[in-house]
Amino acid sequence: MKKFLAVGLATTLLLSAGAQVDAKPKFIDKNKNDIEDKWEKKYKLKGKNVAKLDTDKDGLNNFVEYKLSLNPTKKDTNKNGVADALEDTDRDGISNGTELELGLKPYTAYSKSKKVKDGNLKDTDGVKWSEKVRELEISVESGKKEFELEYEKKKGKAKIKLKQKGYNLDQATVRALVTDLQKAIDDNLTEDQILDLIQSRFELTDTYEIEVELEYMNGDEFEIEREVEVDDEDDADDEEMIDEDDQDDEDQDEDQDVVVEVPAV
């Protein structure tokens, strides 16, 4: 009787274990691209190189979208106005698209080190990747003078394009401005601060029209289009001196009005 009970109990346990195994969803990947076939079917993804394709043209391939649980057919999965490539899904301080460009993994915050988040990794110049400028485009027109510049940091290398007429800018000046913008990122930059940095670094002294597009590695973006009037410091000084002279004259007039000579009686 005891033997029968033991065999029955063992059979029950085996069946229970088998039921648990069967209940666990199986990962089926017939084309062996590390993407579950069920996910590919859900979004109607087909083709030999499905994993490497960027179906929605947002800067992220389908494999990354799968790992991040994003919609590979929509550029903005959560409809928050920020493209999936500009989101920082793993919260490491660098946007998803930039991580791919840098050879990092957008689906883990520790691609290179188990102790240092990707955003805190430093470039050869000692600046954190999260604080670096990814792209910068500036167009300035002042009378007959104008210049256009493009700066891009891609795969660890900076590329600079510069066209100008009437200005004397060089790549060193552009790099210096980028350094200024990187140092100031912790100060919660405003548009006015960005314009002040550009005006100071490029020594813009005349009224000018400017367009700026700025993007950091962490996904922060700025778009500025404005006409800026530059005050002439010499004229301001002259005006101040004139005002002071006028004030002196007024003071003298007031003194003369107060002092009254009374004739002797």
# chains A, B, ... in the order shown; residues from 1 in each chain; ligands from 1

$ select_by_dssp --residues "region 80-203 of chain A" --states "strand (DSSP E)" --output "ChimeraX atom specification"
/A:133-142,145-154,157-165

$ residues_around --residues "region 75-89 of chain A" --least-positions-apart "5" --cutoff "7 Å" --atoms "only C-alpha atoms" --output "PyMOL selection string"
chain A and resi 56+58-60+70+94-97+219

$ atom_distance --atom1 "CA of Tyr208 (chain A)" --atom2 "CA of Phe222 (chain A)"
19.0 Å

$ closest_residue --among "A:Val64, A:Leu104, A:Leu177, A:Val50" --to "Gly156 (chain A)" --atoms "only C-alpha atoms"
A:Leu104

$ residues_around --residues "region 120-124 of chain A" --least-positions-apart "6" --cutoff "9 Å" --atoms "only C-alpha atoms" --output "VMD selection string"
chain A and resid 92 to 93 112 to 113 130 to 132 156

$ write_last_selection --atoms "N, CA, C and O atoms" --output "short mmCIF file (atom, residue, chain, number, x, y, z; two decimals), in the first residue's frame"
data_model
loop_
_atom_site.label_atom_id
_atom_site.label_comp_id
_atom_site.auth_asym_id
_atom_site.auth_seq_id
_atom_site.Cartn_x
_atom_site.Cartn_y
_atom_site.Cartn_z
N ASP A 92 20.95 55.98 -19.00
CA ASP A 92 22.39 56.04 -18.73
C ASP A 92 23.00 57.38 -19.11
O ASP A 92 24.21 57.58 -18.99
N GLY A 93 22.16 58.31 -19.58
CA GLY A 93 22.67 59.64 -19.91
C GLY A 93 22.98 59.84 -21.38
O GLY A 93 23.43 60.92 -21.77
N LYS A 112 30.21 49.11 -21.26
CA LYS A 112 31.67 48.94 -21.21
C LYS A 112 32.17 48.51 -19.83
O LYS A 112 33.19 47.83 -19.72
N SER A 113 31.49 48.93 -18.80
CA SER A 113 31.94 48.65 -17.43
C SER A 113 30.74 48.36 -16.54
O SER A 113 29.68 48.98 -16.69
N SER A 130 27.80 61.97 -21.90
CA SER A 130 26.47 62.54 -21.77
C SER A 130 26.46 64.05 -21.94
O SER A 130 25.43 64.65 -22.25
N GLU A 131 27.62 64.71 -21.73
CA GLU A 131 27.70 66.17 -21.80
C GLU A 131 28.26 66.67 -23.13
O GLU A 131 28.34 67.87 -23.37
N LYS A 132 28.59 65.75 -24.01
CA LYS A 132 29.22 66.16 -25.26
C LYS A 132 28.19 66.63 -26.29
O LYS A 132 27.06 66.17 -26.30
N GLY A 156 33.15 58.85 -32.24
CA GLY A 156 34.33 59.33 -31.53
C GLY A 156 35.14 60.37 -32.27
O GLY A 156 36.13 60.87 -31.73
#

$ residues_around --residues "Glu152 (chain A)" --least-positions-apart "4" --cutoff "10 Å" --atoms "only C-alpha atoms" --output "list in words"
Val133, Arg134, Glu135, Leu136, Glu137, Gly156, Lys157, Ala158, Lys159, Ile160, Lys161 and Glu215 of chain A

$ select_by_dssp --residues "region 138-225 of chain A" --states "helix (DSSP H, G or I)" --output "list in words"
Gln171, Ala172, Thr173, Val174, Arg175, Ala176, Leu177, Val178, Thr179, Asp180, Leu181, Gln182, Lys183, Ile185, Asp186, Asp187, Glu191, Asp192, Gln193, Ile194, Leu195, Asp196, Leu197, Ile198, Gln199, Ser200, Arg201 and Phe202 of chain A

$ closest_residue --among "A:Thr190, A:Lys145, A:Ile138, A:Leu204" --to "Glu225 (chain A)" --atoms "only C-alpha atoms"
A:Ile138

$ residues_around --residues "Asp180 (chain A)" --least-positions-apart "5" --cutoff "12 Å" --atoms "only C-alpha atoms" --output "list in words"
Val127, Glu131, Lys132, Val133, Thr173, Val174, Arg175, Ile185, Asp186, Asp187, Leu189, Gln193, Ile194, Leu195, Asp196, Leu197, Ile198, Gln199, Ser200, Arg201 and Phe202 of chain A
